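Structure below is my_file-v2.pdb: PDB, C-alpha atoms.
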```pdb
ATOM      1  CA  MET A 228     -37.325  81.855 -88.086
ATOM      2  CA  TYR A 229     -34.505  82.500 -90.564
ATOM      3  CA  LYS A 230     -34.214  85.796 -92.469
ATOM      4  CA  PRO A 231     -31.366  86.392 -94.962
ATOM      5  CA  GLU A 232     -29.411  89.264 -93.432
ATOM      6  CA  ALA A 233     -27.833  90.546 -96.621
ATOM      7  CA  ALA A 234     -30.738  89.903 -98.929
ATOM      8  CA  SER A 235     -32.654  92.851-100.308
ATOM      9  CA  GLY A 236     -35.049  90.524-102.131
ATOM     10  CA  LEU A 237     -35.136  93.000-105.024
ATOM     11  CA  SER A 238     -31.699  92.339-106.505
ATOM     12  CA  ASP A 239     -31.239  92.709-110.237
ATOM     13  CA  PHE A 240     -28.492  90.392-111.454
ATOM     14  CA  PRO A 241     -26.954  91.399-114.800
ATOM     15  CA  THR A 242     -25.746  87.928-115.845
ATOM     16  CA  SER A 243     -26.875  84.326-115.503
ATOM     17  CA  GLY A 244     -27.284  83.040-111.993
ATOM     18  CA  LEU A 245     -24.925  80.704-110.172
ATOM     19  CA  THR A 246     -25.034  77.248-111.784
ATOM     20  CA  PRO A 247     -25.105  74.303-109.342
ATOM     21  CA  PRO A 248     -22.841  71.352-110.204
ATOM     22  CA  PHE A 249     -24.471  69.086-112.779
ATOM     23  CA  LEU A 250     -25.276  65.531-111.756
ATOM     24  CA  LYS A 251     -23.351  62.430-112.664
ATOM     25  CA  LYS A 252     -24.195  58.760-112.277
ATOM     26  CA  GLY A 253     -23.999  57.621-108.660
ATOM     27  CA  ASP A 254     -25.104  60.976-107.223
ATOM     28  CA  LYS A 255     -27.791  61.203-104.571
ATOM     29  CA  ILE A 256     -31.028  63.037-105.325
ATOM     30  CA  ALA A 257     -33.545  63.639-102.546
ATOM     31  CA  ILE A 258     -37.319  63.898-102.820
ATOM     32  CA  THR A 259     -39.247  66.002-100.335
ATOM     33  CA  CYS A 260     -42.824  67.232-100.170
ATOM     34  CA  PRO A 261     -42.820  70.900 -99.039
ATOM     35  CA  ALA A 262     -46.480  71.561 -99.778
ATOM     36  CA  LYS A 263     -49.495  69.305-100.323
ATOM     37  CA  LYS A 264     -49.417  65.651 -99.320
ATOM     38  CA  LEU A 265     -48.972  62.902-101.873
ATOM     39  CA  PRO A 266     -51.971  60.885-103.065
ATOM     40  CA  GLY A 267     -49.969  57.650-103.221
ATOM     41  CA  PRO A 268     -46.571  56.019-103.824
ATOM     42  CA  MET A 269     -44.055  57.426-106.327
ATOM     43  CA  ASP A 270     -42.820  54.139-107.750
ATOM     44  CA  ASP A 271     -42.667  55.443-111.341
ATOM     45  CA  ALA A 272     -40.590  58.456-110.334
ATOM     46  CA  ILE A 273     -38.157  56.472-108.216
ATOM     47  CA  LYS A 274     -37.697  53.915-110.996
ATOM     48  CA  LEU A 275     -37.072  56.674-113.556
ATOM     49  CA  LEU A 276     -34.472  58.483-111.434
ATOM     50  CA  GLN A 277     -32.719  55.211-110.679
ATOM     51  CA  SER A 278     -32.623  54.420-114.410
ATOM     52  CA  TRP A 279     -30.589  57.622-114.799
ATOM     53  CA  GLY A 280     -28.006  56.162-112.421
ATOM     54  CA  LEU A 281     -29.086  58.246-109.421
ATOM     55  CA  LYS A 282     -29.489  57.148-105.806
ATOM     56  CA  VAL A 283     -32.895  58.266-104.527
ATOM     57  CA  ILE A 284     -33.347  59.447-100.932
ATOM     58  CA  LEU A 285     -36.887  59.925 -99.625
ATOM     59  CA  GLY A 286     -37.761  62.520 -97.026
ATOM     60  CA  GLU A 287     -39.994  62.116 -93.989
ATOM     61  CA  THR A 288     -42.668  64.153 -95.742
ATOM     62  CA  ILE A 289     -43.252  61.542 -98.445
ATOM     63  CA  GLU A 290     -45.591  59.532 -96.227
ATOM     64  CA  ALA A 291     -46.605  62.322 -93.836
ATOM     65  CA  SER A 292     -50.075  63.817 -93.562
ATOM     66  CA  TYR A 293     -51.389  66.833 -91.692
ATOM     67  CA  HIS A 294     -54.726  68.066 -93.014
ATOM     68  CA  GLN A 295     -53.973  68.764 -96.705
ATOM     69  CA  PHE A 296     -50.226  69.108 -96.108
ATOM     70  CA  ALA A 297     -47.375  66.583 -96.209
ATOM     71  CA  GLY A 298     -46.845  67.013 -92.484
ATOM     72  CA  ASP A 299     -47.129  70.159 -90.398
ATOM     73  CA  ASP A 300     -45.037  73.245 -91.125
ATOM     74  CA  GLU A 301     -42.309  72.164 -88.700
ATOM     75  CA  LEU A 302     -41.874  68.742 -90.321
ATOM     76  CA  ARG A 303     -41.849  70.099 -93.859
ATOM     77  CA  THR A 304     -39.297  72.736 -92.861
ATOM     78  CA  ARG A 305     -37.078  70.181 -91.127
ATOM     79  CA  ASP A 306     -37.222  67.786 -94.073
ATOM     80  CA  LEU A 307     -36.174  70.446 -96.587
ATOM     81  CA  GLN A 308     -33.502  71.836 -94.250
ATOM     82  CA  ARG A 309     -31.918  68.409 -93.813
ATOM     83  CA  MET A 310     -31.614  67.997 -97.571
ATOM     84  CA  ILE A 311     -30.131  71.470 -97.996
ATOM     85  CA  ASP A 312     -27.531  70.870 -95.289
ATOM     86  CA  ASP A 313     -26.518  67.375 -96.439
ATOM     87  CA  ASP A 314     -23.611  67.915 -98.865
ATOM     88  CA  SER A 315     -23.904  64.342-100.126
ATOM     89  CA  ILE A 316     -27.282  65.235-101.674
ATOM     90  CA  LYS A 317     -26.651  66.876-105.063
ATOM     91  CA  ALA A 318     -30.226  67.802-106.025
ATOM     92  CA  ILE A 319     -33.607  68.213-104.344
ATOM     93  CA  ILE A 320     -36.829  67.499-106.188
ATOM     94  CA  ALA A 321     -40.222  68.502-104.836
ATOM     95  CA  ALA A 322     -42.635  65.585-104.998
ATOM     96  CA  ARG A 323     -45.562  67.833-105.859
ATOM     97  CA  GLY A 324     -46.953  71.347-105.568
ATOM     98  CA  GLY A 325     -50.402  72.208-104.248
ATOM     99  CA  TYR A 326     -50.151  74.752-101.449
ATOM    100  CA  GLY A 327     -47.759  75.160 -98.553
ATOM    101  CA  CYS A 328     -44.343  76.523 -99.563
ATOM    102  CA  ILE A 329     -45.147  80.088 -98.556
ATOM    103  CA  ARG A 330     -45.882  78.827 -95.017
ATOM    104  CA  ILE A 331     -42.327  77.537 -94.547
ATOM    105  CA  ILE A 332     -40.126  79.643 -96.825
ATOM    106  CA  ASP A 333     -38.998  82.032 -94.046
ATOM    107  CA  ARG A 334     -38.248  79.179 -91.648
ATOM    108  CA  VAL A 335     -35.615  77.601 -93.876
ATOM    109  CA  ASP A 336     -31.934  78.633 -93.874
ATOM    110  CA  PHE A 337     -30.951  78.595 -97.554
ATOM    111  CA  SER A 338     -27.630  80.376 -96.989
ATOM    112  CA  SER A 339     -25.543  77.338 -97.992
ATOM    113  CA  PHE A 340     -26.851  77.791-101.538
ATOM    114  CA  ALA A 341     -24.651  80.881-101.819
ATOM    115  CA  THR A 342     -21.444  78.811-101.595
ATOM    116  CA  HIS A 343     -22.612  75.225-102.199
ATOM    117  CA  PRO A 344     -25.598  75.385-104.561
ATOM    118  CA  LYS A 345     -27.505  72.286-105.579
ATOM    119  CA  TRP A 346     -30.334  71.847-108.058
ATOM    120  CA  LEU A 347     -33.881  72.468-106.829
ATOM    121  CA  VAL A 348     -36.564  70.983-109.095
ATOM    122  CA  GLY A 349     -40.303  71.584-109.228
ATOM    123  CA  PHE A 350     -43.041  73.874-110.464
ATOM    124  CA  SER A 351     -46.439  75.292-109.459
ATOM    125  CA  ASP A 352     -46.296  76.048-105.689
ATOM    126  CA  ILE A 353     -42.512  75.490-105.823
ATOM    127  CA  THR A 354     -42.351  78.860-107.615
ATOM    128  CA  VAL A 355     -42.055  80.388-104.127
ATOM    129  CA  ILE A 356     -38.755  78.554-103.554
ATOM    130  CA  HIS A 357     -37.490  79.284-107.073
ATOM    131  CA  ALA A 358     -38.146  82.985-106.543
ATOM    132  CA  HIS A 359     -36.579  83.037-103.086
ATOM    133  CA  LEU A 360     -33.364  81.343-104.210
ATOM    134  CA  PHE A 361     -32.996  83.652-107.199
ATOM    135  CA  ALA A 362     -33.841  86.839-105.300
ATOM    136  CA  ASN A 363     -31.481  86.162-102.411
ATOM    137  CA  TYR A 364     -28.737  83.886-103.708
ATOM    138  CA  ASN A 365     -28.769  84.277-107.507
ATOM    139  CA  VAL A 366     -28.937  80.489-107.916
ATOM    140  CA  GLN A 367     -30.285  78.717-110.986
ATOM    141  CA  THR A 368     -33.130  76.249-110.431
ATOM    142  CA  ILE A 369     -35.152  73.886-112.629
ATOM    143  CA  HIS A 370     -38.833  74.433-113.383
ATOM    144  CA  GLY A 371     -39.769  70.909-114.414
ATOM    145  CA  GLN A 372     -41.753  67.732-113.902
ATOM    146  CA  MET A 373     -42.275  66.436-110.362
ATOM    147  CA  PRO A 374     -42.733  62.827-109.186
ATOM    148  CA  VAL A 375     -46.518  63.164-108.833
ATOM    149  CA  ASN A 376     -46.724  64.183-112.519
ATOM    150  CA  ILE A 377     -44.365  61.566-113.969
ATOM    151  CA  PRO A 378     -46.989  58.864-114.754
ATOM    152  CA  ASP A 379     -48.774  61.313-117.086
ATOM    153  CA  ALA A 380     -45.692  63.164-118.360
ATOM    154  CA  SER A 381     -44.536  63.116-121.967
ATOM    155  CA  ALA A 382     -41.337  61.199-122.610
ATOM    156  CA  TYR A 383     -39.693  64.311-124.010
ATOM    157  CA  SER A 384     -40.505  66.431-120.950
ATOM    158  CA  LEU A 385     -38.768  63.827-118.776
ATOM    159  CA  GLU A 386     -35.812  63.808-121.152
ATOM    160  CA  THR A 387     -35.488  67.602-120.772
ATOM    161  CA  LEU A 388     -35.401  67.133-117.001
ATOM    162  CA  ARG A 389     -32.586  64.599-117.337
ATOM    163  CA  ARG A 390     -30.715  66.932-119.673
ATOM    164  CA  ALA A 391     -31.120  69.878-117.307
ATOM    165  CA  LEU A 392     -29.835  67.893-114.317
ATOM    166  CA  PHE A 393     -26.874  66.384-116.203
ATOM    167  CA  GLY A 394     -25.866  69.589-117.986
ATOM    168  CA  GLU A 395     -26.838  68.626-121.515
ATOM    169  CA  ASP A 396     -28.210  71.107-124.055
ATOM    170  CA  ILE A 397     -31.905  71.992-124.131
ATOM    171  CA  SER A 398     -33.618  73.990-126.845
ATOM    172  CA  TYR A 399     -37.241  74.702-127.719
ATOM    173  CA  SER A 400     -39.008  74.891-131.085
ATOM    174  CA  PHE A 401     -42.745  74.962-131.752
ATOM    175  CA  ASN A 402     -45.421  76.517-133.936
ATOM    176  CA  SER A 403     -46.311  80.140-133.363
ATOM    177  CA  HIS A 404     -49.667  81.182-131.889
ATOM    178  CA  SER A 405     -51.765  83.640-133.897
ATOM    179  CA  LEU A 406     -51.501  86.290-131.153
ATOM    180  CA  ASN A 407     -47.731  86.024-130.739
ATOM    181  CA  ARG A 408     -45.712  89.214-131.124
ATOM    182  CA  SER A 409     -42.631  88.645-133.248
ATOM    183  CA  GLY A 410     -39.142  89.679-132.244
ATOM    184  CA  GLU A 411     -35.855  88.562-130.754
ATOM    185  CA  ALA A 412     -34.695  88.789-127.157
ATOM    186  CA  ILE A 413     -31.840  87.786-124.904
ATOM    187  CA  GLY A 414     -32.567  87.800-121.194
ATOM    188  CA  MET A 415     -32.217  85.810-118.022
ATOM    189  CA  LEU A 416     -35.188  83.469-117.662
ATOM    190  CA  ILE A 417     -37.364  84.016-114.591
ATOM    191  CA  GLY A 418     -40.899  83.239-113.481
ATOM    192  CA  GLY A 419     -43.155  80.287-112.829
ATOM    193  CA  ASN A 420     -46.703  80.061-111.579
ATOM    194  CA  LEU A 421     -48.543  83.374-112.015
ATOM    195  CA  SER A 422     -50.487  83.121-108.742
ATOM    196  CA  LEU A 423     -47.310  82.576-106.736
ATOM    197  CA  LEU A 424     -45.370  85.342-108.499
ATOM    198  CA  VAL A 425     -48.133  87.711-107.457
ATOM    199  CA  ALA A 426     -48.127  86.256-103.925
ATOM    200  CA  VAL A 427     -44.442  87.092-103.315
ATOM    201  CA  ILE A 428     -44.567  90.688-104.619
ATOM    202  CA  GLY A 429     -43.055  93.060-102.048
ATOM    203  CA  SER A 430     -41.543  90.230-100.000
ATOM    204  CA  VAL A 431     -37.954  89.092 -99.483
ATOM    205  CA  SER A 432     -38.623  86.562-102.276
ATOM    206  CA  ASP A 433     -39.352  89.272-104.847
ATOM    207  CA  TYR A 434     -36.909  90.624-107.426
ATOM    208  CA  SER A 435     -36.633  92.987-110.388
ATOM    209  CA  TYR A 436     -37.992  91.730-113.722
ATOM    210  CA  ASP A 437     -36.216  94.433-115.745
ATOM    211  CA  GLY A 438     -34.259  93.118-118.739
ATOM    212  CA  LYS A 439     -35.340  89.535-118.102
ATOM    213  CA  THR A 440     -37.469  87.050-120.009
ATOM    214  CA  LEU A 441     -40.550  86.163-117.977
ATOM    215  CA  PHE A 442     -42.306  82.784-118.088
ATOM    216  CA  ILE A 443     -45.803  82.427-116.610
ATOM    217  CA  GLU A 444     -48.316  79.582-116.314
ATOM    218  CA  ASP A 445     -51.280  78.642-114.124
ATOM    219  CA  VAL A 446     -54.032  76.102-113.583
ATOM    220  CA  GLY A 447     -57.654  76.142-112.454
ATOM    221  CA  GLU A 448     -58.016  79.926-112.347
ATOM    222  CA  TYR A 449     -61.036  82.001-113.317
ATOM    223  CA  LEU A 450     -60.423  84.188-116.349
ATOM    224  CA  TYR A 451     -61.166  87.330-114.352
ATOM    225  CA  ALA A 452     -58.537  86.254-111.799
ATOM    226  CA  VAL A 453     -55.947  85.826-114.558
ATOM    227  CA  ASP A 454     -56.793  89.329-115.750
ATOM    228  CA  ARG A 455     -56.414  90.703-112.224
ATOM    229  CA  MET A 456     -53.075  88.962-111.621
ATOM    230  CA  VAL A 457     -51.533  90.049-114.919
ATOM    231  CA  ARG A 458     -52.658  93.626-114.255
ATOM    232  CA  THR A 459     -51.214  93.380-110.738
ATOM    233  CA  LEU A 460     -47.821  92.468-112.174
ATOM    234  CA  ASP A 461     -48.092  95.374-114.581
ATOM    235  CA  ARG A 462     -49.110  97.868-111.883
ATOM    236  CA  ALA A 463     -46.117  96.704-109.847
ATOM    237  CA  GLY A 464     -43.846  97.624-112.764
ATOM    238  CA  LYS A 465     -42.975  94.031-113.557
ATOM    239  CA  LEU A 466     -44.008  93.897-117.224
ATOM    240  CA  LYS A 467     -42.848  97.222-118.617
ATOM    241  CA  ASN A 468     -39.143  96.508-119.124
ATOM    242  CA  LEU A 469     -39.058  92.790-119.912
ATOM    243  CA  ALA A 470     -36.769  91.364-122.599
ATOM    244  CA  GLY A 471     -39.475  88.889-123.599
ATOM    245  CA  LEU A 472     -42.584  87.106-122.340
ATOM    246  CA  LEU A 473     -43.245  83.351-122.525
ATOM    247  CA  VAL A 474     -46.776  82.189-121.705
ATOM    248  CA  GLY A 475     -47.054  78.487-120.948
ATOM    249  CA  GLY A 476     -50.065  76.349-120.161
ATOM    250  CA  PHE A 477     -53.104  78.013-118.663
ATOM    251  CA  THR A 478     -55.130  74.882-118.078
ATOM    252  CA  LYS A 479     -58.526  74.032-116.570
ATOM    253  CA  GLU A 480     -59.607  77.656-116.920
ATOM    254  CA  LYS A 481     -62.954  78.620-115.404
ATOM    255  CA  ASP A 482     -65.472  81.312-116.257
ATOM    256  CA  ASN A 483     -68.409  82.908-114.484
ATOM    257  CA  ASP A 484     -72.074  82.578-115.446
ATOM    258  CA  ILE A 485     -71.671  85.898-117.248
ATOM    259  CA  PRO A 486     -68.670  85.174-119.536
ATOM    260  CA  PHE A 487     -65.540  87.258-119.033
ATOM    261  CA  GLY A 488     -65.296  87.686-122.780
ATOM    262  CA  GLN A 489     -61.583  87.191-123.393
ATOM    263  CA  THR A 490     -59.244  84.235-123.666
ATOM    264  CA  VAL A 491     -55.986  84.141-121.667
ATOM    265  CA  PRO A 492     -53.894  85.230-124.683
ATOM    266  CA  GLU A 493     -56.302  88.105-125.319
ATOM    267  CA  ILE A 494     -56.139  89.138-121.656
ATOM    268  CA  ILE A 495     -52.347  89.194-121.650
ATOM    269  CA  MET A 496     -51.921  90.947-125.003
ATOM    270  CA  GLU A 497     -54.295  93.705-123.936
ATOM    271  CA  VAL A 498     -52.118  94.402-120.893
ATOM    272  CA  VAL A 499     -48.779  94.342-122.745
ATOM    273  CA  LYS A 500     -49.956  95.833-126.053
ATOM    274  CA  ASN A 501     -47.950  99.036-125.628
ATOM    275  CA  TYR A 502     -44.653  97.261-124.919
ATOM    276  CA  ASN A 503     -42.250  96.212-127.671
ATOM    277  CA  TYR A 504     -40.736  92.901-126.566
ATOM    278  CA  PRO A 505     -41.573  89.540-128.196
ATOM    279  CA  VAL A 506     -44.435  87.541-126.704
ATOM    280  CA  CYS A 507     -45.229  83.879-127.333
ATOM    281  CA  PHE A 508     -48.121  81.712-126.192
ATOM    282  CA  ASP A 509     -48.440  77.936-125.797
ATOM    283  CA  PHE A 510     -44.858  77.583-124.600
ATOM    284  CA  PRO A 511     -44.517  73.860-123.718
ATOM    285  CA  ALA A 512     -44.330  74.186-119.936
ATOM    286  CA  GLY A 513     -46.729  74.321-117.014
ATOM    287  CA  HIS A 514     -49.542  72.039-115.848
ATOM    288  CA  VAL A 515     -49.424  70.068-119.093
ATOM    289  CA  PRO A 516     -48.103  66.575-119.912
ATOM    290  CA  ASP A 517     -45.361  68.086-122.099
ATOM    291  CA  ASN A 518     -43.972  70.231-119.266
ATOM    292  CA  GLN A 519     -40.505  70.779-120.672
ATOM    293  CA  SER A 520     -37.839  71.780-118.186
ATOM    294  CA  LEU A 521     -36.811  75.428-117.886
ATOM    295  CA  ILE A 522     -33.587  76.572-116.264
ATOM    296  CA  LEU A 523     -34.592  79.618-114.263
ATOM    297  CA  GLY A 524     -31.793  82.119-113.733
ATOM    298  CA  LYS A 525     -30.040  81.201-116.989
ATOM    299  CA  THR A 526     -29.793  83.478-120.022
ATOM    300  CA  LEU A 527     -32.165  82.490-122.823
ATOM    301  CA  GLY A 528     -32.104  83.555-126.435
ATOM    302  CA  LEU A 529     -35.638  83.818-127.860
ATOM    303  CA  THR A 530     -36.783  84.222-131.469
ATOM    304  CA  VAL A 531     -40.487  84.607-132.233
ATOM    305  CA  HIS A 532     -41.414  84.467-135.913
ATOM    306  CA  GLU A 533     -44.834  84.522-137.514
ATOM    307  CA  LYS A 534     -44.839  80.731-137.926
ATOM    308  CA  GLN A 535     -42.197  79.454-135.512
ATOM    309  CA  VAL A 536     -40.807  80.045-132.016
ATOM    310  CA  MET A 537     -37.256  79.022-131.130
ATOM    311  CA  ALA A 538     -35.313  79.393-127.891
ATOM    312  CA  ASN A 539     -32.012  78.176-126.532
ATOM    313  CA  TYR A 540     -29.748  78.927-123.587
ATOM    314  CA  ILE A 541     -26.694  81.114-124.039
TER     315      ILE A 541
END
```
As structure tokens, how would this structure be written, given the file I've shared?
Amino acid sequence: MYKPEAASGLSDFPTSGLTPPFLKKGDKIAITCPAKKLPGPMDDAIKLLQSWGLKVILGETIEASYHQFAGDDELRTRDLQRMIDDDSIKAIIAARGGYGCIRIIDRVDFSSFATHPKWLVGFSDITVIHAHLFANYNVQTIHGQMPVNIPDASAYSLETLRRALFGEDISYSFNSHSLNRSGEAIGMLIGGNLSLLVAVIGSVSDYSYDGKTLFIEDVGEYLYAVDRMVRTLDRAGKLKNLAGLLVGGFTKEKDNDIPFGQTVPEIIMEVVKNYNYPVCFDFPAGHVPDNQSLILGKTLGLTVHEKQVMANYI
């Protein structure tokens, strides 16, 4: 079982993380399934990546099955490790999320990312890997659409993924939510799935949130659980010194027979009401068709106005 010897897991990097080389036509991109097994073939995803001029390599996990997982922990670890160690592979995309990354994260040797980084793409359960790579190796990663989501994805969300991989500009502009808190911020973008951010607190995959812009999203959670997780982040000191807060999709929310009484935006604003940084809701990312790609570990400039939200990388 691999443990990074020099990694504190709580590092606070003052500038943007290490940028992996951007892709070019003819490069190899590998697809692995580090968590839940796939429900069927990924023909749409393979066709899309090939249309971008990329050579697609499929891992052993793509057709594997072990209970709910894409193979047992050993197979999923081996598949990801092979892709990390193969220098001819320029990017790794997770086929889907689900559950399983936290079971293998400490088995994988990610040390080559420190000197030979490559793009890691995914969201949801892949937040564990995003966090681990940032905490220990200060490497940028892409929070974006995965092959299982591509048939239902918006065309623009897929275009942002292409732009992120090929090093083209990405910016964001959308209407402001009524509960947004106006302001401007510059901070390194971090975050991902709220449940997984809470799950890695205190581990080698954890890091300081101070001075950074935090993005959070989730799916299928009870409102009381969202309240508990946001308050857990706050009690751990994660929310006090942010540069800004981006709240993406909180979809398929559930409530108890006795209603919780607050929406997700109301829950979050109650927790952060005494802080001064800008906050925006309905950021176009998460478990939504328009899941626009985010470059985690890169500095983001954010402007939240009463009627409009704008953000771009610096």
Please evaluate the PyMOL selection byres ((chain A and resi 505) around 12) against the structure above and give the resulting residues as an NGL selection string. :A and (403 or 406-414 or 439-441 or 468-474 or 496 or 499-504 or 506-508 or 528-533 or 536-538)
Within 8 Å of region 264-274 of chain A, which residues of region 322-382 of chain A show up? Give each one with its shortest atom-to-atom distance in Å (one decimal) and the two atoms involved, counting only C-alpha atoms, rows by chain then rising residue number, as a tab-separated table.
```
residue	atom	partner	partner_atom	distance
A:Ala322	CA	A:Leu265	CA	7.6
A:Arg323	CA	A:Leu265	CA	7.2
A:Pro374	CA	A:Ala272	CA	5.0
A:Val375	CA	A:Met269	CA	6.7
A:Ile377	CA	A:Ala272	CA	6.1
A:Pro378	CA	A:Asp271	CA	6.5
```
With the PyMOL selection byres ((chain A and resi 456) around 10) as the selection, what would be picked from this file? Answer as a PyMOL selection string, please. chain A and resi 421-426+450-455+457-462
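Taken over the whole file, the PyMOL selection byres ((chain A and resi 348) around 6) covers exactly A:Ile320, A:Leu347, A:Gly349, A:Ile369, A:His370.
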Between CA of Val355 (chain A) and CA of His343 (chain A), distance in Å (one decimal): 20.2 Å
Please indicate the distance in Å from CA of Gln372 (chain A) to CA of Arg389 (chain A), rounded to one decimal place. 10.3 Å
Taken to one decimal, the CA of Pro247 (chain A)-CA of Thr288 (chain A) distance is 24.4 Å
Can you pull out every residue within 9 Å of Asn539 (chain A), counting only C-alpha atoms, but drop anything in the same chain fewer than 2 positions away, and send it as a VMD selection string? chain A and resid 396 to 400 526 to 529 537 541
Distance query Asp313 (chain A) at most 12 Å, all atoms listed in the file, self and fewer than 4 positions along chain excluded, as a list in words: Lys255, Ile256, Ala257, Ile284, Asp306, Leu307, Gln308, Arg309, Lys317, Ala318, Ile319, Ser339, Phe340, His343, Pro344 and Lys345 of chain A
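Candidate residues A:Asp352, A:Asp336, A:Glu497, A:Asp517 were compared for distance to Ala382 (chain A), and the nearest is A:Asp517, using all atoms listed in the file.
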Select all residues near (-37.5, 60.5, -91.7) (cut-off 10 Å, inclusive, file coordinates), counting only C-alpha atoms, and output them as a PyMOL selection string. chain A and resi 285-291+302+305-306+309
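Nearest residue to Tyr449 (chain A), choosing from A:Tyr364, A:Tyr293, A:Tyr383, A:Phe487 and counting all atoms listed in the file: A:Phe487.
Between Cys328 (chain A) and the candidates A:Met373, A:Leu388, A:Ala262, A:Ala512, the tightest atom-to-atom separation, counting all atoms listed in the file, involves A:Ala262.
Distances here use all atoms listed in the file; by that measure, the residue among A:Lys525, A:Lys534, A:Lys251, A:His514 closest to Ser381 (chain A) is A:His514.
Minimum atom-to-atom distance to Arg330 (chain A), evaluated using all atoms listed in the file, belongs to A:Pro261 out of A:Pro492, A:Pro261, A:Gly244, A:Gly419.
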Test item: residues at most 8 Å from Pro511 (chain A), all atoms listed in the file, excluding those fewer than 5 positions along its chain, as a PyMOL selection string: chain A and resi 475-476+517-519
Quick one: axis-aligned box around all listed atoms of region 421-426 of chain A, 3 Å on every side, centre and edge lengths in Å to one decimal, written as lines of an AutoDock Vina configuration file.
```
center_x = -47.9
center_y = 85.1
center_z = -108.0
size_x = 11.1
size_y = 11.1
size_z = 14.1
```
Smallest atom-to-atom distance to Ile428 (chain A): which of A:Ile522, A:His359, A:Asp299, A:Glu444, using only C-alpha atoms? A:His359
Output as a PDB file, in the frame of the given file: region 387-392 of chain A, completed with all heavy atoms.
```
ATOM      1  N   THR A 387     -36.025  66.253-121.032  1.00  0.00           N
ATOM      2  CA  THR A 387     -35.488  67.602-120.772  1.00  0.00           C
ATOM      3  C   THR A 387     -35.086  67.766-119.315  1.00  0.00           C
ATOM      4  O   THR A 387     -34.131  68.477-119.012  1.00  0.00           O
ATOM      5  CB  THR A 387     -36.491  68.712-121.157  1.00  0.00           C
ATOM      6  OG1 THR A 387     -37.675  68.616-120.353  1.00  0.00           O
ATOM      7  CG2 THR A 387     -36.860  68.644-122.629  1.00  0.00           C
ATOM      8  N   LEU A 388     -35.788  67.087-118.405  1.00  0.00           N
ATOM      9  CA  LEU A 388     -35.401  67.133-117.001  1.00  0.00           C
ATOM     10  C   LEU A 388     -34.047  66.445-116.812  1.00  0.00           C
ATOM     11  O   LEU A 388     -33.172  66.970-116.104  1.00  0.00           O
ATOM     12  CB  LEU A 388     -36.465  66.463-116.126  1.00  0.00           C
ATOM     13  CG  LEU A 388     -36.147  66.374-114.636  1.00  0.00           C
ATOM     14  CD1 LEU A 388     -35.885  67.751-114.042  1.00  0.00           C
ATOM     15  CD2 LEU A 388     -37.284  65.671-113.892  1.00  0.00           C
ATOM     16  N   ARG A 389     -33.887  65.299-117.427  1.00  0.00           N
ATOM     17  CA  ARG A 389     -32.586  64.599-117.337  1.00  0.00           C
ATOM     18  C   ARG A 389     -31.475  65.475-117.899  1.00  0.00           C
ATOM     19  O   ARG A 389     -30.405  65.609-117.300  1.00  0.00           O
ATOM     20  CB  ARG A 389     -32.658  63.269-118.090  1.00  0.00           C
ATOM     21  CG  ARG A 389     -31.433  62.378-117.870  1.00  0.00           C
ATOM     22  CD  ARG A 389     -31.348  61.260-118.908  1.00  0.00           C
ATOM     23  NE  ARG A 389     -31.147  61.771-120.257  1.00  0.00           N
ATOM     24  CZ  ARG A 389     -29.970  62.194-120.725  1.00  0.00           C
ATOM     25  NH1 ARG A 389     -28.883  62.156-119.961  1.00  0.00           N
ATOM     26  NH2 ARG A 389     -29.870  62.659-121.957  1.00  0.00           N
ATOM     27  N   ARG A 390     -31.724  66.076-119.059  1.00  0.00           N
ATOM     28  CA  ARG A 390     -30.715  66.932-119.673  1.00  0.00           C
ATOM     29  C   ARG A 390     -30.365  68.117-118.778  1.00  0.00           C
ATOM     30  O   ARG A 390     -29.186  68.483-118.654  1.00  0.00           O
ATOM     31  CB  ARG A 390     -31.208  67.445-121.031  1.00  0.00           C
ATOM     32  CG  ARG A 390     -31.324  66.381-122.108  1.00  0.00           C
ATOM     33  CD  ARG A 390     -31.779  67.003-123.429  1.00  0.00           C
ATOM     34  NE  ARG A 390     -32.066  65.992-124.429  1.00  0.00           N
ATOM     35  CZ  ARG A 390     -32.472  66.273-125.666  1.00  0.00           C
ATOM     36  NH1 ARG A 390     -32.641  67.533-126.036  1.00  0.00           N
ATOM     37  NH2 ARG A 390     -32.719  65.293-126.525  1.00  0.00           N
ATOM     38  N   ALA A 391     -31.375  68.724-118.182  1.00  0.00           N
ATOM     39  CA  ALA A 391     -31.120  69.878-117.307  1.00  0.00           C
ATOM     40  C   ALA A 391     -30.264  69.472-116.114  1.00  0.00           C
ATOM     41  O   ALA A 391     -29.312  70.175-115.743  1.00  0.00           O
ATOM     42  CB  ALA A 391     -32.443  70.490-116.841  1.00  0.00           C
ATOM     43  N   LEU A 392     -30.570  68.342-115.498  1.00  0.00           N
ATOM     44  CA  LEU A 392     -29.835  67.893-114.317  1.00  0.00           C
ATOM     45  C   LEU A 392     -28.399  67.479-114.646  1.00  0.00           C
ATOM     46  O   LEU A 392     -27.484  67.702-113.845  1.00  0.00           O
ATOM     47  CB  LEU A 392     -30.566  66.720-113.666  1.00  0.00           C
ATOM     48  CG  LEU A 392     -31.845  67.057-112.906  1.00  0.00           C
ATOM     49  CD1 LEU A 392     -32.603  65.792-112.544  1.00  0.00           C
ATOM     50  CD2 LEU A 392     -31.537  67.866-111.650  1.00  0.00           C
TER      51      LEU A 392
END
```
